[in-house]
>>> print(open('my_file-v6.txt').read())   # compact mmCIF, C-alpha atoms
# COMPACT_ATOMS: atom_id res chain seq x y z
CA MET J 1259 -16.80 -3.52 3.93
CA SER J 1260 -15.81 -0.34 2.15
CA ARG J 1261 -15.41 3.25 3.22
CA GLY J 1262 -15.42 6.59 1.41
CA GLU J 1263 -17.61 5.68 -1.52
CA GLU J 1264 -17.75 7.85 -4.61
CA GLY J 1265 -20.58 10.40 -4.48
CA SER J 1266 -21.00 10.35 -0.68
CA PRO J 1267 -22.72 13.41 0.82
CA ALA J 1268 -20.89 16.02 2.86
CA CYS J 1269 -20.72 15.68 6.64
CA PRO J 1270 -23.80 16.87 8.57
CA GLY J 1271 -23.44 20.34 10.08
CA MET J 1272 -20.97 21.49 7.42
CA ASP J 1273 -21.75 24.58 5.37
CA ALA J 1274 -21.62 24.42 1.57
CA ALA J 1275 -18.25 26.17 1.20
CA GLU J 1276 -16.60 24.03 3.85
CA GLY J 1277 -18.17 20.91 2.40
CA THR J 1278 -16.96 21.78 -1.10
CA GLU J 1279 -13.43 22.49 0.14
CA ARG J 1280 -13.27 19.23 2.05
CA SER J 1281 -14.78 17.29 -0.84
CA ASP J 1282 -12.20 18.76 -3.22
CA ALA J 1283 -9.40 17.80 -0.84
CA LEU J 1284 -10.73 14.28 -0.43
CA SER J 1285 -11.06 13.88 -4.19
CA ARG J 1286 -7.26 14.05 -4.26
CA LEU J 1287 -7.29 10.64 -2.56
CA GLU J 1288 -8.48 9.09 -5.82
CA ARG J 1289 -5.44 7.45 -7.39
CA SER J 1290 -3.82 4.44 -9.03
CA SER J 1291 -0.28 3.00 -9.07
CA HIS J 1292 0.52 4.58 -5.71
CA ALA J 1293 2.53 3.33 -2.72
CA ALA J 1294 0.81 2.22 0.49
CA PHE J 1295 1.74 0.47 3.72
CA ILE J 1296 0.35 -0.03 7.23
CA ASP J 1297 2.19 0.77 10.46
CA ASP J 1298 0.58 0.83 13.91
CA ASN J 1299 -2.87 0.42 12.34
CA THR J 1300 -2.34 3.53 10.21
CA LEU J 1301 -2.52 3.31 6.44
CA TYR J 1302 -0.02 5.56 4.64
CA VAL J 1303 -0.65 6.48 0.97
CA TRP J 1304 1.78 8.33 -1.31
CA GLY J 1305 2.04 9.19 -4.99
CA GLY J 1306 0.36 7.65 -7.99
CA TYR J 1307 -1.75 9.23 -10.72
CA LYS J 1308 -5.31 9.90 -11.80
CA VAL J 1309 -6.86 10.72 -15.16
CA VAL J 1310 -8.29 14.22 -15.55
CA ALA J 1311 -9.98 15.19 -18.84
CA GLY J 1312 -8.37 12.17 -20.52
CA GLU J 1313 -4.84 13.05 -19.38
CA ASP J 1314 -2.68 11.33 -16.76
CA VAL J 1315 -1.97 13.66 -13.84
CA ILE J 1316 0.83 12.69 -11.44
CA LEU J 1317 -0.11 13.36 -7.82
CA PRO J 1318 2.07 15.65 -5.67
CA SER J 1319 5.23 14.22 -4.11
CA HIS J 1320 5.18 16.78 -1.28
CA GLU J 1321 2.16 15.27 0.46
CA ILE J 1322 1.31 11.96 2.09
CA TRP J 1323 -2.05 10.75 3.40
CA LEU J 1324 -2.57 8.89 6.69
CA CYS J 1325 -5.72 6.94 7.56
CA ASP J 1326 -6.49 5.81 11.12
CA LEU J 1327 -7.88 2.32 10.46
CA ASN J 1328 -9.78 2.35 13.77
CA SER J 1329 -11.82 5.45 12.96
CA GLY J 1330 -11.43 5.69 9.17
CA SER J 1331 -10.37 9.35 9.44
CA TRP J 1332 -7.81 10.75 6.98
CA GLU J 1333 -5.02 13.25 7.62
CA LEU J 1334 -2.96 15.07 4.99
CA ARG J 1335 0.67 15.71 5.92
CA GLU J 1336 3.07 18.00 4.04
CA ILE J 1337 6.62 16.87 3.16
CA THR J 1338 9.59 19.19 2.64
CA GLY J 1339 13.17 18.53 1.54
CA ASP J 1340 14.66 17.21 -1.69
CA LYS J 1341 11.40 15.74 -2.98
CA PRO J 1342 11.19 13.26 -5.86
CA PRO J 1343 10.10 14.54 -9.26
CA ASP J 1344 6.65 13.67 -10.56
CA LEU J 1345 6.94 9.89 -10.96
CA SER J 1346 4.96 7.08 -12.52
CA GLY J 1347 5.74 3.38 -12.31
CA PHE J 1348 7.97 3.80 -9.25
CA CYS J 1349 8.38 1.22 -6.48
CA GLY J 1350 7.67 2.25 -2.87
CA SER J 1351 8.86 0.16 0.10
CA TYR J 1352 8.67 0.62 3.86
CA VAL J 1353 11.33 -0.56 6.33
CA ASN J 1354 12.29 0.55 9.85
CA GLY J 1355 10.14 3.67 9.82
CA LYS J 1356 11.31 4.85 6.40
CA LEU J 1357 9.60 4.97 3.02
CA TYR J 1358 11.93 4.34 0.07
CA ILE J 1359 10.99 5.36 -3.48
CA PHE J 1360 13.10 3.84 -6.26
CA ALA J 1361 13.11 4.46 -10.04
CA GLY J 1362 10.07 5.08 -12.24
CA CYS J 1363 9.49 7.59 -15.02
CA ASP J 1364 9.71 11.37 -14.70
CA SER J 1365 9.42 14.18 -17.24
CA ASP J 1366 12.87 13.30 -18.64
CA GLY J 1367 12.16 9.59 -19.06
CA TYR J 1368 13.22 6.55 -17.05
CA THR J 1369 15.16 7.13 -13.83
CA ASN J 1370 17.11 5.07 -11.29
CA GLN J 1371 17.15 7.62 -8.48
CA MET J 1372 16.24 6.71 -4.91
CA TYR J 1373 14.63 8.83 -2.18
CA SER J 1374 13.87 8.14 1.47
CA LEU J 1375 11.38 9.63 3.91
CA ASP J 1376 11.79 9.14 7.67
CA LEU J 1377 8.27 8.86 9.09
CA THR J 1378 9.44 8.65 12.70
CA GLU J 1379 10.37 12.35 12.67
CA GLN J 1380 7.87 15.03 13.63
CA ASN J 1381 8.46 16.94 10.39
CA TYR J 1382 8.52 14.80 7.26
CA THR J 1383 11.49 15.54 4.98
CA TRP J 1384 12.56 13.89 1.74
CA ARG J 1385 16.19 12.89 1.29
CA LYS J 1386 17.75 12.03 -2.06
CA LEU J 1387 20.21 9.12 -1.78
CA ALA J 1388 22.94 10.40 -4.08
CA ASP J 1389 26.03 8.79 -2.52
CA THR J 1390 25.18 5.09 -2.55
CA SER J 1391 27.88 2.44 -3.02
CA GLY J 1392 27.96 -0.36 -5.58
CA THR J 1393 26.42 -0.38 -9.04
CA THR J 1394 22.99 1.25 -9.20
CA PRO J 1395 20.48 -0.71 -11.34
CA SER J 1396 19.65 0.73 -14.75
CA PRO J 1397 16.63 3.07 -15.06
CA ARG J 1398 13.30 1.24 -14.99
CA ASN J 1399 9.66 1.18 -13.94
CA LYS J 1400 6.96 -1.42 -13.25
CA HIS J 1401 9.33 -3.37 -10.98
CA SER J 1402 8.62 -4.86 -7.52
CA CYS J 1403 10.35 -5.17 -4.16
CA TRP J 1404 10.70 -7.57 -1.25
CA VAL J 1405 11.77 -6.18 2.14
CA HIS J 1406 13.98 -8.78 3.84
CA ARG J 1407 16.40 -8.30 6.74
CA ASP J 1408 16.49 -4.53 6.25
CA ARG J 1409 17.31 -4.98 2.56
CA LEU J 1410 15.27 -3.86 -0.42
CA ILE J 1411 15.34 -6.63 -3.02
CA TYR J 1412 14.06 -5.44 -6.39
CA PHE J 1413 12.93 -7.70 -9.21
CA GLY J 1414 12.22 -7.10 -12.88
CA GLY J 1415 10.68 -4.10 -14.58
CA TYR J 1416 10.77 -2.28 -17.89
CA GLY J 1417 13.44 0.28 -18.72
CA CYS J 1418 16.42 1.31 -20.75
CA LYS J 1419 20.01 0.14 -20.98
CA THR J 1420 22.92 1.21 -23.13
CA ILE J 1421 23.98 -1.22 -25.85
CA GLY J 1422 27.09 -1.94 -23.78
CA GLU J 1423 25.02 -2.95 -20.78
CA VAL J 1424 22.90 -5.23 -22.95
CA GLN J 1425 25.98 -6.88 -24.46
CA ASN J 1426 27.39 -7.51 -20.99
CA ALA J 1427 24.14 -9.03 -19.73
CA SER J 1428 22.85 -12.52 -20.45
CA SER J 1429 20.32 -12.63 -23.28
CA ALA J 1430 17.97 -14.37 -20.85
CA ASN J 1431 18.03 -11.39 -18.45
CA PHE J 1432 16.84 -8.66 -20.81
CA ILE J 1433 14.32 -8.80 -23.66
CA VAL J 1434 14.88 -5.93 -26.10
CA GLU J 1435 11.66 -4.40 -27.40
CA GLU J 1436 12.92 -1.21 -28.98
CA MET J 1437 16.17 0.56 -29.87
CA SER J 1438 16.72 4.29 -30.15
CA TRP J 1439 19.56 6.06 -31.94
CA VAL J 1440 20.37 8.52 -29.20
CA THR J 1441 23.90 9.66 -28.51
CA ILE J 1442 24.84 9.37 -24.83
CA GLY J 1443 28.53 10.19 -24.46
CA ASN J 1444 30.30 7.67 -26.67
CA THR J 1445 27.29 5.36 -26.78
CA LEU J 1446 25.25 5.60 -29.97
CA PHE J 1447 21.94 4.20 -28.83
CA ARG J 1448 19.86 2.78 -26.02
CA CYS J 1449 17.72 -0.33 -25.75
CA TRP J 1450 14.33 -0.55 -24.06
CA GLY J 1451 12.89 -3.77 -22.72
CA TRP J 1452 11.94 -6.08 -19.83
CA ASN J 1453 14.38 -7.61 -17.34
CA ASN J 1454 14.39 -10.32 -14.65
CA GLU J 1455 17.28 -8.93 -12.62
CA VAL J 1456 17.53 -9.19 -8.84
CA ASN J 1457 19.11 -6.09 -7.28
CA VAL J 1458 19.70 -5.69 -3.54
CA PHE J 1459 19.94 -2.43 -1.60
CA ASP J 1460 21.25 -2.60 1.98
CA THR J 1461 19.47 0.18 3.89
CA HIS J 1462 22.15 0.28 6.62
CA THR J 1463 25.20 0.69 4.38
CA GLU J 1464 23.30 2.19 1.41
CA THR J 1465 25.05 -0.26 -0.88
CA TRP J 1466 23.81 -1.90 -4.10
CA SER J 1467 24.68 -5.48 -5.07
CA MET J 1468 23.47 -8.05 -7.59
CA PRO J 1469 23.47 -11.69 -6.40
CA GLU J 1470 23.86 -14.50 -8.91
CA THR J 1471 20.65 -16.54 -9.00
CA THR J 1472 20.15 -20.15 -10.07
CA GLY J 1473 17.21 -22.49 -10.68
CA SER J 1474 14.10 -21.97 -12.77
CA VAL J 1475 14.53 -18.24 -13.42
CA PRO J 1476 11.31 -16.46 -14.49
CA VAL J 1477 11.33 -14.78 -17.86
CA PRO J 1478 11.79 -10.96 -17.85
CA ARG J 1479 8.63 -9.08 -16.88
CA GLY J 1480 7.01 -6.10 -15.19
CA CYS J 1481 3.54 -5.17 -13.89
CA HIS J 1482 3.69 -8.35 -11.79
CA ALA J 1483 2.82 -8.81 -8.11
CA SER J 1484 5.19 -9.83 -5.32
CA ALA J 1485 5.03 -10.90 -1.68
CA LEU J 1486 7.39 -12.13 1.02
CA LEU J 1487 6.86 -15.26 3.12
CA GLY J 1488 9.66 -15.93 5.61
CA ASN J 1489 12.92 -16.08 3.68
CA LYS J 1490 11.26 -16.52 0.31
CA GLY J 1491 10.09 -13.94 -2.20
CA TYR J 1492 7.19 -14.77 -4.53
CA ILE J 1493 6.18 -13.22 -7.84
CA SER J 1494 3.15 -13.85 -10.04
CA GLY J 1495 1.81 -12.64 -13.35
CA GLY J 1496 2.88 -9.72 -15.46
CA MET J 1497 3.00 -11.95 -18.52
CA GLU J 1498 0.58 -12.51 -21.38
CA LYS J 1499 -0.31 -16.05 -20.35
CA ALA J 1500 -3.71 -17.69 -20.09
CA GLU J 1501 -3.06 -18.75 -16.48
CA LEU J 1502 -1.34 -17.02 -13.56
CA ASP J 1503 2.20 -18.30 -13.10
CA LEU J 1504 4.03 -18.31 -9.76
CA TYR J 1505 7.73 -18.33 -8.87
CA CYS J 1506 9.64 -18.33 -5.58
CA LEU J 1507 13.15 -17.04 -4.85
CA ASP J 1508 14.97 -18.32 -1.75
CA LEU J 1509 16.59 -15.15 -0.39
CA GLU J 1510 19.33 -17.10 1.41
CA THR J 1511 20.47 -19.39 -1.41
CA TRP J 1512 19.25 -17.16 -4.29
CA THR J 1513 17.60 -20.19 -5.94
CA TRP J 1514 14.46 -19.81 -8.04
CA THR J 1515 11.64 -22.38 -8.02
CA GLN J 1516 8.68 -22.47 -10.39
CA PHE J 1517 5.36 -23.86 -9.16
CA ASP J 1518 4.11 -26.33 -11.74
CA ILE J 1519 0.33 -26.16 -11.42
CA PRO J 1520 -2.17 -27.51 -13.99
CA PRO J 1521 -3.73 -24.62 -15.98
CA SER J 1522 -7.22 -25.83 -15.05
CA CYS J 1523 -6.41 -25.25 -11.36
CA SER J 1524 -4.85 -21.77 -11.75
CA PRO J 1525 -6.41 -18.30 -11.82
CA MET J 1526 -6.68 -16.40 -15.08
CA GLY J 1527 -3.46 -14.71 -16.23
CA ARG J 1528 -3.20 -11.04 -15.21
CA LEU J 1529 -1.01 -8.02 -14.54
CA MET J 1530 -1.21 -4.94 -12.28
CA HIS J 1531 -2.80 -7.09 -9.53
CA THR J 1532 -1.74 -7.48 -5.89
CA MET J 1533 -0.41 -10.42 -3.88
CA THR J 1534 -0.29 -10.31 -0.07
CA ALA J 1535 1.13 -12.78 2.44
CA VAL J 1536 -1.67 -13.48 4.96
CA SER J 1537 -0.16 -16.36 6.96
CA ASP J 1538 3.03 -18.43 7.16
CA HIS J 1539 2.02 -20.38 4.07
CA THR J 1540 -0.80 -18.45 2.33
CA LEU J 1541 -0.76 -15.79 -0.40
CA PHE J 1542 -3.81 -13.68 -1.26
CA VAL J 1543 -4.28 -12.39 -4.83
CA TYR J 1544 -6.87 -9.83 -5.85
CA GLY J 1545 -7.95 -8.12 -9.06
CA GLY J 1546 -5.69 -6.95 -11.85
CA LEU J 1547 -6.02 -6.60 -15.59
CA SER J 1548 -6.78 -9.79 -17.50
CA ILE J 1549 -4.95 -10.76 -20.67
CA ASN J 1550 -8.22 -9.86 -22.43
CA GLY J 1551 -7.87 -6.26 -21.22
CA ASN J 1552 -10.64 -6.24 -18.59
CA THR J 1553 -10.46 -5.23 -14.92
CA LEU J 1554 -10.89 -8.27 -12.64
CA ASN J 1555 -12.80 -8.70 -9.37
CA ASP J 1556 -11.77 -12.21 -8.30
CA ALA J 1557 -9.86 -13.17 -5.14
CA TRP J 1558 -7.65 -16.23 -4.71
CA GLN J 1559 -5.52 -17.84 -2.03
CA PHE J 1560 -2.44 -19.95 -2.74
CA ASN J 1561 -1.25 -22.50 -0.17
CA THR J 1562 2.54 -22.81 -0.53
CA GLN J 1563 2.61 -26.12 1.37
CA LYS J 1564 -0.15 -27.84 -0.61
CA ARG J 1565 0.84 -25.91 -3.77
CA GLU J 1566 -2.75 -25.26 -4.74
CA TRP J 1567 -5.01 -22.31 -5.55
CA THR J 1568 -8.43 -21.76 -3.93
CA LYS J 1569 -10.93 -19.23 -5.23
CA MET J 1570 -12.47 -17.11 -2.45
CA ALA J 1571 -16.07 -16.07 -2.21
CA HIS J 1572 -16.20 -12.43 -1.10
CA PRO J 1573 -18.70 -9.54 -0.85
CA HIS J 1574 -16.79 -7.12 -3.09
CA GLU J 1575 -17.49 -8.51 -6.54
CA ASP J 1576 -18.94 -5.13 -7.49
CA LYS J 1577 -15.51 -3.56 -6.88
CA PRO J 1578 -13.06 -4.73 -9.55
CA ARG J 1579 -9.62 -3.18 -9.13
CA VAL J 1580 -6.42 -2.68 -11.07
CA CYS J 1581 -3.31 -0.67 -10.09
CA HIS J 1582 -4.50 -0.74 -6.46
CA THR J 1583 -2.53 -1.52 -3.30
CA ALA J 1584 -3.11 -4.28 -0.75
CA CYS J 1585 -1.64 -4.27 2.77
CA LEU J 1586 -1.87 -6.71 5.67
CA GLY J 1587 -3.94 -5.27 8.50
CA ASN J 1588 -5.15 -6.51 11.90
CA ASP J 1589 -6.31 -10.12 12.22
CA ASN J 1590 -4.82 -10.90 8.80
CA ASP J 1591 -7.28 -8.61 7.03
CA VAL J 1592 -6.18 -7.46 3.59
CA VAL J 1593 -6.76 -3.72 3.18
CA VAL J 1594 -7.17 -2.75 -0.49
CA PHE J 1595 -7.03 0.95 -1.35
CA GLY J 1596 -7.43 3.00 -4.52
CA GLY J 1597 -6.86 1.81 -8.04
CA SER J 1598 -9.12 1.92 -11.06
CA SER J 1599 -12.43 0.08 -11.24
CA ASN J 1600 -12.85 0.14 -15.01
CA MET J 1601 -9.50 0.29 -16.80
CA CYS J 1602 -9.93 -1.33 -20.18
CA ILE J 1603 -7.18 -2.11 -22.69
CA LEU J 1604 -8.31 -2.34 -26.30
CA VAL J 1605 -6.12 -4.39 -28.61
CA ASP J 1606 -6.34 -4.41 -32.39
CA SER J 1607 -3.97 -5.23 -35.22
CA VAL J 1608 -2.44 -1.77 -35.15
CA ALA J 1609 -2.14 -0.58 -31.56
CA VAL J 1610 -2.82 -1.18 -27.88
CA LEU J 1611 -5.10 1.55 -26.50
CA ARG J 1612 -6.14 2.32 -22.92
CA SER J 1613 -9.65 3.58 -22.30
CA PRO J 1614 -9.46 7.25 -21.19
CA SER J 1615 -12.55 7.03 -18.96
CA GLN J 1616 -10.93 5.41 -15.92
CA ASN J 1617 -12.79 5.57 -12.63
CA HIS J 1618 -10.09 6.12 -10.00
CA CYS J 1619 -11.13 5.11 -6.51
CA ARG J 1620 -10.56 6.43 -3.03
CA ASP J 1621 -12.50 3.81 -1.10
CA MET J 1622 -11.05 1.11 1.12
CA ILE J 1623 -12.00 -2.55 0.72
CA ILE J 1624 -11.29 -4.99 3.53
CA PHE J 1625 -11.02 -8.74 2.94
CA GLN J 1626 -11.35 -11.12 5.87
CA THR J 1627 -8.96 -14.03 5.27
CA GLN J 1628 -9.40 -15.97 8.53
CA PRO J 1629 -12.05 -16.39 11.28
CA TYR J 1630 -12.08 -13.47 13.69
CA SER J 1631 -11.43 -13.88 17.41
CA LEU J 1632 -14.38 -13.58 19.80
CA PHE J 1633 -12.95 -10.26 20.99
CA ARG J 1634 -12.88 -8.85 17.43
CA LEU J 1635 -16.43 -10.07 16.77
CA CYS J 1636 -17.71 -8.42 19.94
CA GLU J 1637 -15.79 -5.21 19.19
CA ASP J 1638 -17.22 -4.94 15.68
CA PHE J 1639 -20.76 -5.80 16.82
CA MET J 1640 -20.70 -3.08 19.47
CA ALA J 1641 -19.29 -0.56 16.99
CA ARG J 1642 -21.97 -1.37 14.43
CA ASN J 1643 -24.77 -1.16 17.01
CA PRO J 1644 -23.77 1.53 19.53
CA GLU J 1645 -27.40 2.34 20.36
CA LEU J 1646 -27.68 -1.08 22.02
CA PHE J 1647 -24.74 -0.48 24.35
CA VAL J 1648 -25.03 3.13 25.56
CA LYS J 1649 -24.80 2.17 29.23
CA GLN J 1650 -22.28 -0.66 28.74
CA LEU J 1651 -19.84 1.53 26.77
CA ASN J 1652 -19.43 3.72 29.83
CA TRP J 1653 -18.42 0.69 31.86
CA LEU J 1654 -15.43 -0.09 29.64
CA PRO J 1655 -11.86 0.90 30.54
CA PRO J 1656 -10.95 4.27 28.94
CA LYS J 1657 -8.54 2.81 26.37
CA LEU J 1658 -10.99 0.17 25.16
CA ARG J 1659 -13.90 2.65 25.20
CA SER J 1660 -11.86 5.04 23.05
CA LYS J 1661 -11.17 2.28 20.53
CA ILE J 1662 -14.83 1.29 20.35
CA GLU J 1663 -15.79 4.93 19.81
CA LYS J 1664 -13.35 5.12 16.92
CA ARG J 1665 -14.82 1.97 15.42
CA VAL J 1666 -18.30 3.48 15.76
CA ALA J 1667 -17.04 6.43 13.72
CA PHE J 1668 -15.53 4.04 11.16
CA PHE J 1669 -18.78 2.19 10.58
CA SER J 1670 -21.08 5.23 10.70
CA ALA J 1671 -19.10 7.88 8.80
CA THR J 1672 -20.54 8.81 5.43
CA ILE J 1673 -17.17 9.99 4.09
CA PRO J 1674 -13.62 9.95 5.44
CA VAL J 1675 -12.94 12.81 7.85
CA LEU J 1676 -10.13 15.17 6.84
CA THR J 1677 -8.07 16.66 9.66
CA ALA J 1678 -5.56 19.48 9.50
>>> encode(input="my_file-v6.txt", output="structure tokens")
Amino acid sequence: MSRGEEGSPACPGMDAAEGTERSDALSRLERSSHAAFIDDNTLYVWGGYKVVAGEDVILPSHEIWLCDLNSGSWELREITGDKPPDLSGFCGSYVNGKLYIFAGCDSDGYTNQMYSLDLTEQNYTWRKLADTSGTTPSPRNKHSCWVHRDRLIYFGGYGCKTIGEVQNASSANFIVEEMSWVTIGNTLFRCWGWNNEVNVFDTHTETWSMPETTGSVPVPRGCHASALLGNKGYISGGMEKAELDLYCLDLETWTWTQFDIPPSCSPMGRLMHTMTAVSDHTLFVYGGLSINGNTLNDAWQFNTQKREWTKMAHPHEDKPRVCHTACLGNDNDVVVFGGSSNMCILVDSVAVLRSPSQNHCRDMIIFQTQPYSLFRLCEDFMARNPELFVKQLNWLPPKLRSKIEKRVAFFSATIPVLTA
């Protein structure tokens, strides 16, 4: 199912001015490369960008959107405090009621700053974490994060290091793509490139550390997808390979393992896709940008016990996505939000060009990854067909009746409802 389709009409009973104002506000939901997470059946969406008149426009850091997944209604909340600058390529993570934003690119270039937002407070306020302990990772973007035991464990990305930092690092940990003769103190130039570093941030002590990893270490990369299953972090893609590779890092022993799967049994290689843990041993992969430069619409599941990929049939093949988010919802549903449906990368012998006519989305796509319970099936059937149960709905306990009424709104709404 999907909600909030492009071009939906205004709500009935709304005058033209009110409808235009609400439509303009809801159009701000359209975005790619944002952060999203689900807590208490509410989807939170922050940041990202959209393309306006061929130019990338970073979305405001002083606002966050909340969607009630029972009713499908949206709420816009303002954020005060020491807000992050306009960022692209950042990494957003949620732990213990707080959203953490780390690194990315701002108007001055790559950054390694971190911000936190406590969403348990009545008034949302940004806080810049300026007094952390340990060695902060170098500036970067296009990295990923696992949340494990109240720690943020970052992997990879693209960014800059001083020549001294590169000399002190292993050649296998950083692939230099470009050097710039820029004077920074006593350092003559910087290096730009991809890394495969693992950096850990303890949210309790606000301390950085870098564990020493062993095993089959993945090559440096960014624009990959990551997911956590138990005590193991998984990454896939982000590389120009014909098939999708997959690695696992044991977060207790810090040992890497590569899954050796025949190319004929693996999905097509991709980047800017999503990977979501949907059970104790299953990963769900959707969309992304193929190595040929096209936006993908395929869905796959990987069984970590059998070590095999399975392609999923699904009803959303008309909704390819790249730079979207995917969160685990109720009953192991995967809730996909936003992204671009038609990003296209054109490659020739001279340059790599991105098509300027991206269609940024604000709809929500829900993937069912397991059979629903009888209760869920009955709930959804009643919500889809309320006219059949007018008398019976009044017999339900108030709490359950309220939930069914919200689900009726979810299935019948023509566009998301914006509340103050």
>>> atom_distance(input="my_file-v6.txt", atom1="CA of Ser1537 in chain J", atom2="CA of Arg1289 in chain J")
28.3 Å
>>> residues_around(input="my_file-v6.txt", residues="Trp1452 in chain J", least_positions_apart="3", cutoff="10 Å", atoms="all atoms listed in the file", output="NGL selection string")
:J and (1398-1401 or 1414-1418 or 1431-1435 or 1455 or 1477-1480)
>>> closest_residue(input="my_file-v6.txt", among="J:Ile1421, J:Ala1584, J:Leu1502, J:Val1458", to="Asp1518 in chain J", atoms="all atoms listed in the file")
J:Leu1502
>>> residues_near_point(input="my_file-v6.txt", point="(-1.1, -18.4, 5.9)", cutoff="10 Å", atoms="only C-alpha atoms", output="MDAnalysis selection string")
chainID J and resid 1487 1535:1542 1559:1563 1590 1627:1628
>>> closest_residue(input="my_file-v6.txt", among="J:Tyr1368, J:Tyr1544, J:Trp1653, J:Tyr1352", to="Thr1532 in chain J", atoms="all atoms listed in the file")
J:Tyr1544
>>> residues_around(input="my_file-v6.txt", residues="Asn1617 in chain J", least_positions_apart="3", cutoff="10 Å", atoms="only C-alpha atoms", output="MDAnalysis selection string")
chainID J and resid 1264 1288:1290 1308:1309 1579 1597:1601 1614 1620
>>> residues_around(input="my_file-v6.txt", residues="range 1316-1325 of chain J", least_positions_apart="4", cutoff="6 Å", atoms="all atoms listed in the file", output="VMD selection string")
chain J and resid 1300 to 1307 1331 to 1337 1344
>>> write_last_selection(input="my_file-v6.txt", atoms="C-alpha atoms", output="mmCIF file, in the coordinates of the input")
data_model
loop_
_atom_site.group_PDB
_atom_site.id
_atom_site.type_symbol
_atom_site.label_atom_id
_atom_site.label_comp_id
_atom_site.auth_asym_id
_atom_site.auth_seq_id
_atom_site.Cartn_x
_atom_site.Cartn_y
_atom_site.Cartn_z
ATOM 1 C CA THR J 1300 -2.340 3.530 10.210
ATOM 2 C CA LEU J 1301 -2.520 3.310 6.440
ATOM 3 C CA TYR J 1302 -0.020 5.560 4.640
ATOM 4 C CA VAL J 1303 -0.650 6.480 0.970
ATOM 5 C CA TRP J 1304 1.780 8.330 -1.310
ATOM 6 C CA GLY J 1305 2.040 9.190 -4.990
ATOM 7 C CA GLY J 1306 0.360 7.650 -7.990
ATOM 8 C CA TYR J 1307 -1.750 9.230 -10.720
ATOM 9 C CA SER J 1331 -10.370 9.350 9.440
ATOM 10 C CA TRP J 1332 -7.810 10.750 6.980
ATOM 11 C CA GLU J 1333 -5.020 13.250 7.620
ATOM 12 C CA LEU J 1334 -2.960 15.070 4.990
ATOM 13 C CA ARG J 1335 0.670 15.710 5.920
ATOM 14 C CA GLU J 1336 3.070 18.000 4.040
ATOM 15 C CA ILE J 1337 6.620 16.870 3.160
ATOM 16 C CA ASP J 1344 6.650 13.670 -10.560
#
>>> residues_around(input="my_file-v6.txt", residues="Met1570 in chain J", least_positions_apart="5", cutoff="8 Å", atoms="all atoms listed in the file", output="list of chain:residue names")
J:Asp1556, J:Ala1557, J:Trp1558, J:Gln1559
>>> axis_aligned_box(input="my_file-v6.txt", around="range 1473-1491 of chain J", padding_each_side="5 Å", output="AutoDock Vina command-line options")
--center_x 10.0 --center_y -13.8 --center_z -6.1 --size_x 24.4 --size_y 27.3 --size_z 33.5
>>> closest_residue(input="my_file-v6.txt", among="J:Ala1571, J:Ile1519, J:Leu1410, J:Met1372", to="Asn1354 in chain J", atoms="only C-alpha atoms")
J:Leu1410
>>> closest_residue(input="my_file-v6.txt", among="J:Ser1467, J:Thr1513, J:Asn1299, J:Thr1472", to="Tyr1412 in chain J", atoms="all atoms listed in the file")
J:Ser1467
>>> atom_distance(input="my_file-v6.txt", atom1="CA of Lys1386 in chain J", atom2="CA of Ile1296 in chain J")
23.1 Å
>>> residues_around(input="my_file-v6.txt", residues="Val1593 in chain J", least_positions_apart="5", cutoff="7 Å", atoms="all atoms listed in the file", output="PyMOL selection string")
chain J and resi 1584-1587+1622-1625
>>> atom_distance(input="my_file-v6.txt", atom1="CA of Val1543 in chain J", atom2="CA of Pro1525 in chain J")
9.4 Å
>>> closest_residue(input="my_file-v6.txt", among="J:Asp1621, J:Glu1575, J:Asp1503, J:Asp1366", to="Phe1595 in chain J", atoms="all atoms listed in the file")
J:Asp1621
>>> closest_residue(input="my_file-v6.txt", among="J:Ser1351, J:Thr1515, J:Gln1425, J:Gln1626", to="Ser1374 in chain J", atoms="all atoms listed in the file")
J:Ser1351
>>> residues_near_point(input="my_file-v6.txt", point="(25.0, -0.5, -7.7)", cutoff="8 Å", atoms="all atoms listed in the file", output="MDAnalysis selection string")
chainID J and resid 1390:1395 1465:1468
>>> write_last_selection(input="my_file-v6.txt", atoms="C-alpha atoms", output="PDB file, keeping the file's coordinate frame")
ATOM      1  CA  THR J1390      25.180   5.090  -2.550  1.00  0.00           C
ATOM      2  CA  SER J1391      27.880   2.440  -3.020  1.00  0.00           C
ATOM      3  CA  GLY J1392      27.960  -0.360  -5.580  1.00  0.00           C
ATOM      4  CA  THR J1393      26.420  -0.380  -9.040  1.00  0.00           C
ATOM      5  CA  THR J1394      22.990   1.250  -9.200  1.00  0.00           C
ATOM      6  CA  PRO J1395      20.480  -0.710 -11.340  1.00  0.00           C
ATOM      7  CA  THR J1465      25.050  -0.260  -0.880  1.00  0.00           C
ATOM      8  CA  TRP J1466      23.810  -1.900  -4.100  1.00  0.00           C
ATOM      9  CA  SER J1467      24.680  -5.480  -5.070  1.00  0.00           C
ATOM     10  CA  MET J1468      23.470  -8.050  -7.590  1.00  0.00           C
TER      11      MET J1468
END
